[in-house]
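> Structure file protein09.txt (compact mmCIF, C-alpha atoms and all ligand atoms) is given on the next line.
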# COMPACT_ATOMS: atom_id res chain seq x y z
CA MET A 43 80.67 77.88 41.87
CA SER A 44 77.25 76.87 40.54
CA LYS A 45 76.97 74.38 37.71
CA LEU A 46 76.67 76.08 34.34
CA THR A 47 75.25 73.15 32.46
CA ALA A 48 71.70 72.15 33.24
CA ASP A 49 70.70 69.13 35.32
CA LEU A 50 68.76 67.33 32.64
CA VAL A 51 66.98 64.03 33.06
CA PRO A 52 69.40 61.06 32.96
CA LEU A 53 69.38 59.22 29.66
CA GLU A 54 68.05 55.97 31.03
CA THR A 55 64.87 57.54 32.38
CA ILE A 56 63.84 58.83 28.98
CA ARG A 57 61.76 56.53 26.87
CA GLY A 58 62.65 56.27 23.23
CA LYS A 59 65.83 57.33 21.52
CA ALA A 60 67.88 60.01 23.20
CA ILE A 61 69.92 62.37 21.10
CA GLU A 62 73.22 62.77 22.86
CA GLU A 63 75.50 64.56 20.50
CA SER A 64 73.43 67.38 19.08
CA CYS A 65 73.68 69.64 22.12
CA PRO A 66 76.65 71.86 22.88
CA ILE A 67 76.59 70.92 26.55
CA GLY A 68 77.64 67.34 25.75
CA PRO A 69 76.08 63.93 26.35
CA HIS A 70 72.74 64.20 28.08
CA SER A 71 69.10 63.55 27.43
CA CYS A 72 67.37 65.48 24.73
CA PRO A 73 64.02 63.70 25.01
CA GLU A 74 62.77 62.51 21.70
CA ASP A 75 59.47 64.03 20.69
CA ALA A 76 59.70 66.74 23.34
CA ALA A 77 57.11 68.85 21.50
CA GLY A 78 54.63 65.97 21.32
CA ARG A 79 55.06 65.15 25.00
CA ILE A 80 54.50 68.75 26.05
CA ALA A 81 51.49 69.12 23.76
CA ARG A 82 49.86 66.00 25.21
CA ALA A 83 50.49 67.27 28.74
CA VAL A 84 48.99 70.67 27.90
CA ARG A 85 45.91 68.96 26.47
CA ASP A 86 45.59 67.04 29.77
CA ILE A 87 45.83 70.30 31.72
CA LEU A 88 43.05 71.84 29.63
CA VAL A 89 40.83 68.80 30.26
CA ALA A 90 41.64 68.87 33.99
CA LEU A 91 40.63 72.53 34.08
CA GLY A 92 37.24 71.62 32.61
CA GLU A 93 37.98 73.09 29.20
CA ASN A 94 37.16 71.46 25.88
CA PRO A 95 40.50 71.10 24.07
CA ASP A 96 38.64 70.31 20.85
CA ARG A 97 36.86 73.65 20.60
CA GLU A 98 38.10 75.79 17.77
CA GLY A 99 40.06 78.33 19.82
CA LEU A 100 42.01 75.64 21.69
CA LEU A 101 42.67 73.18 18.87
CA GLU A 102 46.19 74.42 18.16
CA THR A 103 46.95 75.54 21.71
CA PRO A 104 48.82 72.41 22.91
CA ASP A 105 51.19 72.57 19.94
CA ARG A 106 51.66 76.32 20.36
CA VAL A 107 52.41 75.96 24.06
CA ALA A 108 54.89 73.18 23.28
CA ARG A 109 56.72 75.43 20.82
CA MET A 110 56.64 78.24 23.37
CA TYR A 111 58.19 76.11 26.15
CA LEU A 112 60.89 74.76 23.87
CA ASP A 113 61.67 78.35 22.93
CA VAL A 114 61.59 80.11 26.32
CA LEU A 115 63.33 77.19 28.08
CA GLY A 116 65.70 76.38 25.22
CA GLY A 117 68.70 77.54 27.26
CA LEU A 118 68.64 74.13 28.99
CA HIS A 119 70.41 72.71 25.97
CA GLU A 120 72.92 75.50 25.47
CA ASP A 121 76.27 76.09 27.12
CA PRO A 122 76.48 79.77 28.17
CA ARG A 123 80.29 79.68 28.05
CA ILE A 124 80.40 79.22 24.29
CA HIS A 125 79.67 82.90 23.63
CA LEU A 126 82.33 84.18 26.03
CA ARG A 127 85.04 82.22 24.24
CA LYS A 128 85.04 84.90 21.53
CA GLN A 129 87.87 86.95 22.99
CA PHE A 130 90.34 89.61 22.04
CA SER A 131 92.79 91.76 23.90
CA ALA A 132 93.31 95.45 24.52
CA ASP A 133 96.66 95.64 26.25
CA ARG A 134 96.25 99.11 27.63
CA HIS A 135 92.75 98.80 29.01
CA GLU A 136 92.95 98.22 32.73
CA GLY A 137 89.55 99.53 33.82
CA ALA A 138 86.25 97.80 34.39
CA VAL A 139 83.89 96.87 31.57
CA ILE A 140 80.25 97.38 32.46
CA VAL A 141 77.18 96.48 30.41
CA ARG A 142 73.98 97.74 31.96
CA ASP A 143 70.33 97.08 31.19
CA ILE A 144 70.52 93.65 29.62
CA ARG A 145 66.83 92.82 29.37
CA PHE A 146 65.92 89.21 30.01
CA HIS A 147 62.89 86.98 30.46
CA SER A 148 63.16 83.85 32.55
CA MET A 149 60.82 81.29 34.11
CA CYS A 150 60.55 80.85 37.86
CA GLU A 151 61.23 77.19 38.58
CA HIS A 152 58.67 77.05 41.39
CA HIS A 153 55.60 78.06 39.40
CA LEU A 154 56.78 78.08 35.77
CA LEU A 155 55.64 81.68 35.55
CA PRO A 156 57.82 84.39 34.01
CA PHE A 157 60.13 86.69 35.86
CA PHE A 158 61.79 89.41 33.87
CA GLY A 159 63.87 92.50 34.23
CA ARG A 160 67.39 93.68 33.67
CA ALA A 161 70.84 92.31 34.37
CA HIS A 162 73.84 94.59 34.85
CA VAL A 163 77.24 92.99 34.40
CA ALA A 164 80.74 94.26 35.24
CA TYR A 165 84.16 92.65 35.05
CA LEU A 166 87.72 93.77 35.50
CA PRO A 167 89.75 92.23 32.68
CA ASP A 168 93.03 90.53 33.45
CA GLY A 169 95.87 91.07 31.00
CA GLY A 170 93.56 93.00 28.69
CA ARG A 171 91.53 89.83 27.95
CA LEU A 172 88.13 90.98 26.72
CA THR A 173 85.01 89.43 25.25
CA GLY A 174 82.51 91.05 22.91
CA LEU A 175 79.91 93.18 24.67
CA SER A 176 77.06 91.32 22.98
CA LYS A 177 78.49 88.05 24.33
CA LEU A 178 77.72 89.17 27.87
CA ALA A 179 74.09 89.72 26.87
CA ARG A 180 74.02 86.36 25.05
CA THR A 181 75.31 84.65 28.19
CA VAL A 182 72.52 86.23 30.24
CA GLY A 183 70.01 85.08 27.60
CA VAL A 184 71.11 81.43 27.65
CA LEU A 185 71.03 81.22 31.44
CA ALA A 186 67.69 83.03 31.67
CA ARG A 187 65.99 80.62 29.25
CA ARG A 188 65.88 77.84 31.83
CA PRO A 189 63.68 77.08 34.84
CA GLN A 190 65.47 79.42 37.23
CA LEU A 191 65.77 81.08 40.58
CA GLN A 192 66.83 84.70 40.39
CA GLU A 193 69.69 84.03 42.80
CA ARG A 194 70.99 81.11 40.71
CA LEU A 195 70.70 83.13 37.51
CA THR A 196 72.80 85.88 39.10
CA ASP A 197 75.42 83.41 40.34
CA GLN A 198 75.62 81.55 37.05
CA ILE A 199 76.18 84.72 35.01
CA ALA A 200 79.10 85.61 37.30
CA ASP A 201 80.44 82.04 37.25
CA ALA A 202 80.42 81.85 33.45
CA ILE A 203 82.37 85.12 33.16
CA ALA A 204 84.79 84.14 35.93
CA GLU A 205 85.44 80.72 34.39
CA VAL A 206 85.92 81.72 30.77
CA LEU A 207 87.53 85.18 31.01
CA ASP A 208 89.39 84.65 34.29
CA PRO A 209 89.08 88.37 35.09
CA LYS A 210 90.37 90.08 38.22
CA ALA A 211 86.81 90.67 39.42
CA VAL A 212 83.16 90.23 38.42
CA MET A 213 79.95 91.79 39.69
CA VAL A 214 76.41 91.05 38.54
CA LEU A 215 73.24 92.80 39.64
CA VAL A 216 69.85 91.49 38.55
CA GLU A 217 66.55 93.27 39.12
CA ALA A 218 63.33 91.55 38.19
CA GLU A 219 59.61 91.29 38.70
CA HIS A 220 58.17 87.85 39.36
CA MET A 221 54.76 87.03 37.93
CA CYS A 222 54.32 84.40 40.65
CA MET A 223 54.25 87.29 43.14
CA ALA A 224 52.14 89.57 40.92
CA MET A 225 49.42 87.38 39.37
CA ARG A 226 48.81 84.89 42.14
CA GLY A 227 49.70 84.04 45.73
CA VAL A 228 50.58 87.24 47.58
CA ARG A 229 49.37 89.35 44.57
CA SER A 230 52.00 92.04 44.95
CA PRO A 231 52.44 93.50 41.46
CA GLY A 232 55.28 95.95 41.05
CA SER A 233 57.53 94.38 43.69
CA THR A 234 61.09 94.22 42.44
CA THR A 235 63.67 91.69 43.59
CA VAL A 236 67.33 92.71 43.44
CA THR A 237 70.14 90.15 43.63
CA THR A 238 73.88 90.77 43.48
CA VAL A 239 77.01 88.70 43.38
CA THR A 240 80.66 89.74 43.52
CA ARG A 241 83.71 87.64 42.72
CA GLY A 242 87.48 88.22 42.94
CA LEU A 243 89.14 91.49 43.82
CA TRP A 244 85.89 93.42 44.31
CA GLN A 245 84.88 90.90 46.97
CA ARG A 246 87.89 91.85 49.08
CA ASP A 247 88.07 95.60 48.32
CA SER A 248 85.00 97.25 49.83
CA ALA A 249 85.72 100.71 48.34
CA ALA A 250 86.06 99.30 44.81
CA ARG A 251 82.97 97.16 45.37
CA ALA A 252 80.91 100.20 46.40
CA GLU A 253 82.13 102.13 43.36
CA ILE A 254 81.21 99.37 40.91
CA LEU A 255 77.88 98.74 42.60
CA ALA A 256 77.03 102.42 42.19
CA LEU A 257 77.96 102.23 38.49
CA LEU A 258 75.87 99.07 38.04
CA ARG A 259 72.87 100.72 39.67
CA GLY A 260 73.27 103.66 37.30
N1 LIG A 301 64.34 83.06 46.56
C1 LIG A 301 63.54 82.96 45.48
N2 LIG A 301 62.26 82.64 45.67
C2 LIG A 301 61.48 82.58 44.58
C3 LIG A 301 61.91 82.82 43.28
N3 LIG A 301 60.87 82.67 42.42
C4 LIG A 301 59.83 82.36 43.21
N4 LIG A 301 60.18 82.30 44.51
C5 LIG A 301 59.43 82.01 45.72
O1 LIG A 301 59.34 80.63 45.92
C6 LIG A 301 58.47 80.45 47.02
C7 LIG A 301 57.77 79.12 46.92
O2 LIG A 301 57.08 78.97 48.13
P1 LIG A 301 56.02 77.82 48.41
O3 LIG A 301 55.41 78.08 49.76
O4 LIG A 301 56.64 76.50 48.19
O5 LIG A 301 54.96 78.02 47.24
P2 LIG A 301 53.58 78.83 47.25
O6 LIG A 301 52.63 78.19 48.21
O7 LIG A 301 53.12 78.94 45.84
O8 LIG A 301 54.06 80.25 47.82
P3 LIG A 301 53.41 81.68 47.65
O9 LIG A 301 54.01 82.30 46.42
O10 LIG A 301 53.77 82.44 48.90
O11 LIG A 301 51.93 81.51 47.48
C8 LIG A 301 57.56 81.67 47.02
O12 LIG A 301 57.84 82.40 48.19
C9 LIG A 301 58.02 82.46 45.78
O13 LIG A 301 57.91 83.87 45.97
C10 LIG A 301 63.29 83.15 43.12
O14 LIG A 301 63.78 83.37 42.01
N5 LIG A 301 64.05 83.22 44.24
ZN ZN A 302 57.32 81.51 41.16
For this file, write the structure as structure tokens.


Amino acid sequence: MSKLTADLVPLETIRGKAIEESCPIGPHSCPEDAAGRIARAVRDILVALGENPDREGLLETPDRVARMYLDVLGGLHEDPRIHLRKQFSADRHEGAVIVRDIRFHSMCEHHLLPFFGRAHVAYLPDGGRLTGLSKLARTVGVLARRPQLQERLTDQIADAIAEVLDPKAVMVLVEAEHMCMAMRGVRSPGSTTVTTVTRGLWQRDSAARAEILALLRG
């Protein structure tokens, strides 16, 4: 099972006061003045590129980029399991629950460029234990807003559902386009990467797995 909380920088390596208690994932480093640090680094990047960070159009850019990073990578300081703890039961429902087309945007951890697409999530409740449909999408959102690999994102969505709902089975399919493949490097826009993971009963039962996979693909 992959770790669901982020590997953040150890407290002692952060200069200044670390805020330990304000994050739902427990004691860890929330670097003080994160926005200021990012903004200074962005200014350095602009200078290194040969730009003039003091020209009018770029004056506010470091601060904007800092706000943007803290927003699109804010899932580092959130525990995805919190949402799934909102549960209720439907004693007579024994079938699979499938939520398709959960749109997400994430950041590839190799290039810090976006990858984005859709996650499709299915689970087979045990004992009628259900979570809210929106909570599945919220879980995807938290895990996507981190520096990620598509494979890890897929695994972590399944792990969060398996851990909190303890269902009989889980399957997650993620399809995404990576800007690091489109804008640079191999320059292959339009390529789609598909990743899947199966846990529990559907891992062992190939007929059931094929049926759910077909439903996830739509
Ligand atoms: N498996 C996997 N690879 C990814 C993901 N995001 C980006 N990559 C790949 O990570 C690899 C990094 O390869 P490197 O050779 O270290 O970096 P690079 O020189 O920038 O590679 P190119 O993209 O081929 O130019 C590239 O092949 C990317 O396509 C992901 O989510 N999953
Ligand atoms: Zn990349």

> For Gly174 (chain A), which residue among A:Val228, A:Ala48, A:Leu126, A:Ala252 is the nearest when counting all atoms listed in the file?

A:Leu126

> Excluding Gly159 (chain A) and any residue of its chain fewer than 4 positions from it, enumerate the residues within 6 Å of it, using only C-alpha atoms, and give them as an mmCIF file with C-alpha atoms, keeping the file's coordinate frame.


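Output file result-v9.cif follows:
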data_model
loop_
_atom_site.group_PDB
_atom_site.id
_atom_site.type_symbol
_atom_site.label_atom_id
_atom_site.label_comp_id
_atom_site.auth_asym_id
_atom_site.auth_seq_id
_atom_site.Cartn_x
_atom_site.Cartn_y
_atom_site.Cartn_z
ATOM 1 C CA ARG A 145 66.830 92.820 29.370
ATOM 2 C CA PHE A 146 65.920 89.210 30.010
ATOM 3 C CA GLU A 217 66.550 93.270 39.120
ATOM 4 C CA ALA A 218 63.330 91.550 38.190
#

> What is the distance, in Å and to one decimal place, between CA of Ala186 (chain A) and CA of Ser148 (chain A)?

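Between CA of Ala186 (chain A) and CA of Ser148 (chain A) the gap is 4.7 Å.
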
> Check which residues fall inside 7 Å of ligand ZN 302 (chain A) when counting all atoms listed in the file, and print them as an NGL selection string.

:A and (150-155 or 220-223)

> Between A:Gly242, A:Pro231, A:Pro104, A:Gly117, which is the closest to Asp168 (chain A) once you count all atoms listed in the file?

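Distance minimum relative to Asp168 (chain A) lands on A:Gly242.
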
> Identify, on the basis of all atoms listed in the file, every residue whose closest approach to Ala76 (chain A) does not exceed 9 Å; exclude the query and any residue fewer than 4 positions from it along the same chain; express the result as a list in words.

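Residues meeting the cut-off are Cys72, Ile80, Ala81, Ala108 and Leu112 of chain A.
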
> So how far away is CA of Thr173 (chain A) from CA of Ser131 (chain A), in Å?

8.2 Å

> Find the residue from A:Gln129, A:Thr181, A:Thr238, A:Gln190 that sits nearest to Leu115 (chain A); use all atoms listed in the file when measuring.

A:Gln190

> Which value, in Å to one decimal, gives the distance between CA of Gly232 (chain A) and CA of Pro156 (chain A)?

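Atom-to-atom, CA of Gly232 (chain A) to CA of Pro156 (chain A), that is 13.8 Å.
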
> Could you check the closest approach to ligand LIG 301 (chain A) for each of A:Gln192, A:Thr234, A:Ser248, A:Gln198 and tell me which residue wins, using all atoms listed in the file?

A:Gln192

> For Tyr165 (chain A), find every residue with an atom within 7 Å (counting all atoms listed in the file), except residues of its own chain fewer than 6 positions away, and show them as a ChimeraX atom specification.

/A:138-140,209,211-213

> Residues of the last selection are to be written out with C-alpha atoms, as a compact mmCIF listing (two decimals), in the coordinates of the input.


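New file selection-v8.txt:
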# COMPACT_ATOMS: atom_id res chain seq x y z
CA ALA A 138 86.25 97.80 34.39
CA VAL A 139 83.89 96.87 31.57
CA ILE A 140 80.25 97.38 32.46
CA PRO A 209 89.08 88.37 35.09
CA ALA A 211 86.81 90.67 39.42
CA VAL A 212 83.16 90.23 38.42
CA MET A 213 79.95 91.79 39.69

> Can you tell me which residues surround Val216 (chain A) at a distance of at most 12 Å, considering only C-alpha atoms, apart from same-chain residues fewer than 4 positions away, and format the answer as a PDB file with C-alpha atoms, keeping the file's coordinate frame?


ATOM      1  CA  ARG A 142      73.980  97.740  31.960  1.00  0.00           C
ATOM      2  CA  ASP A 143      70.330  97.080  31.190  1.00  0.00           C
ATOM      3  CA  ILE A 144      70.520  93.650  29.620  1.00  0.00           C
ATOM      4  CA  ARG A 145      66.830  92.820  29.370  1.00  0.00           C
ATOM      5  CA  PHE A 146      65.920  89.210  30.010  1.00  0.00           C
ATOM      6  CA  HIS A 147      62.890  86.980  30.460  1.00  0.00           C
ATOM      7  CA  SER A 148      63.160  83.850  32.550  1.00  0.00           C
ATOM      8  CA  PHE A 157      60.130  86.690  35.860  1.00  0.00           C
ATOM      9  CA  PHE A 158      61.790  89.410  33.870  1.00  0.00           C
ATOM     10  CA  GLY A 159      63.870  92.500  34.230  1.00  0.00           C
ATOM     11  CA  ARG A 160      67.390  93.680  33.670  1.00  0.00           C
ATOM     12  CA  ALA A 161      70.840  92.310  34.370  1.00  0.00           C
ATOM     13  CA  HIS A 162      73.840  94.590  34.850  1.00  0.00           C
ATOM     14  CA  VAL A 163      77.240  92.990  34.400  1.00  0.00           C
ATOM     15  CA  ALA A 164      80.740  94.260  35.240  1.00  0.00           C
ATOM     16  CA  VAL A 182      72.520  86.230  30.240  1.00  0.00           C
ATOM     17  CA  ALA A 186      67.690  83.030  31.670  1.00  0.00           C
ATOM     18  CA  LEU A 191      65.770  81.080  40.580  1.00  0.00           C
ATOM     19  CA  GLN A 192      66.830  84.700  40.390  1.00  0.00           C
ATOM     20  CA  GLU A 193      69.690  84.030  42.800  1.00  0.00           C
ATOM     21  CA  ARG A 194      70.990  81.110  40.710  1.00  0.00           C
ATOM     22  CA  LEU A 195      70.700  83.130  37.510  1.00  0.00           C
ATOM     23  CA  THR A 196      72.800  85.880  39.100  1.00  0.00           C
ATOM     24  CA  ASP A 197      75.420  83.410  40.340  1.00  0.00           C
ATOM     25  CA  GLN A 198      75.620  81.550  37.050  1.00  0.00           C
ATOM     26  CA  ILE A 199      76.180  84.720  35.010  1.00  0.00           C
ATOM     27  CA  ALA A 200      79.100  85.610  37.300  1.00  0.00           C
ATOM     28  CA  THR A 234      61.090  94.220  42.440  1.00  0.00           C
ATOM     29  CA  THR A 235      63.670  91.690  43.590  1.00  0.00           C
ATOM     30  CA  VAL A 236      67.330  92.710  43.440  1.00  0.00           C
ATOM     31  CA  THR A 237      70.140  90.150  43.630  1.00  0.00           C
ATOM     32  CA  THR A 238      73.880  90.770  43.480  1.00  0.00           C
ATOM     33  CA  VAL A 239      77.010  88.700  43.380  1.00  0.00           C
ATOM     34  CA  LEU A 255      77.880  98.740  42.600  1.00  0.00           C
ATOM     35  CA  LEU A 258      75.870  99.070  38.040  1.00  0.00           C
ATOM     36  CA  ARG A 259      72.870 100.720  39.670  1.00  0.00           C
TER      37      ARG A 259
END

> For ligand LIG 301 (chain A), which residue out of A:Asp208, A:Asp133, A:Glu219, A:Asp247 is the nearest one, using all atoms listed in the file?

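Of the candidates, the smallest distance to ligand LIG 301 (chain A) is held by A:Glu219.
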
> Using all atoms listed in the file, pick whichever of A:Gly169, A:Pro122, A:Gly99, A:Pro189 has the shortest atom-to-atom distance to ligand LIG 301 (chain A).

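With all atoms listed in the file as the atom set, the closest residue is A:Pro189.
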
> Might I get the box with edges along x, y and z of the file that holds all atoms of region 199-215 of chain A listed there, padded by 6 Å on every side, given as centre and edge lengths in Å to one decimal, as lines of an AutoDock Vina configuration file?


center_x = 81.8
center_y = 86.8
center_z = 35.2
size_x = 29.1
size_y = 24.1
size_z = 20.9

> Env of Val206 (chain A): 8 Å cut, atoms = all atoms listed in the file, seq-sep filter 4 positions within chain, self excluded. Answer as a list in words.

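After dropping sequence-adjacent residues, the list is Arg123, Leu126, Arg127 and Ala202 of chain A.
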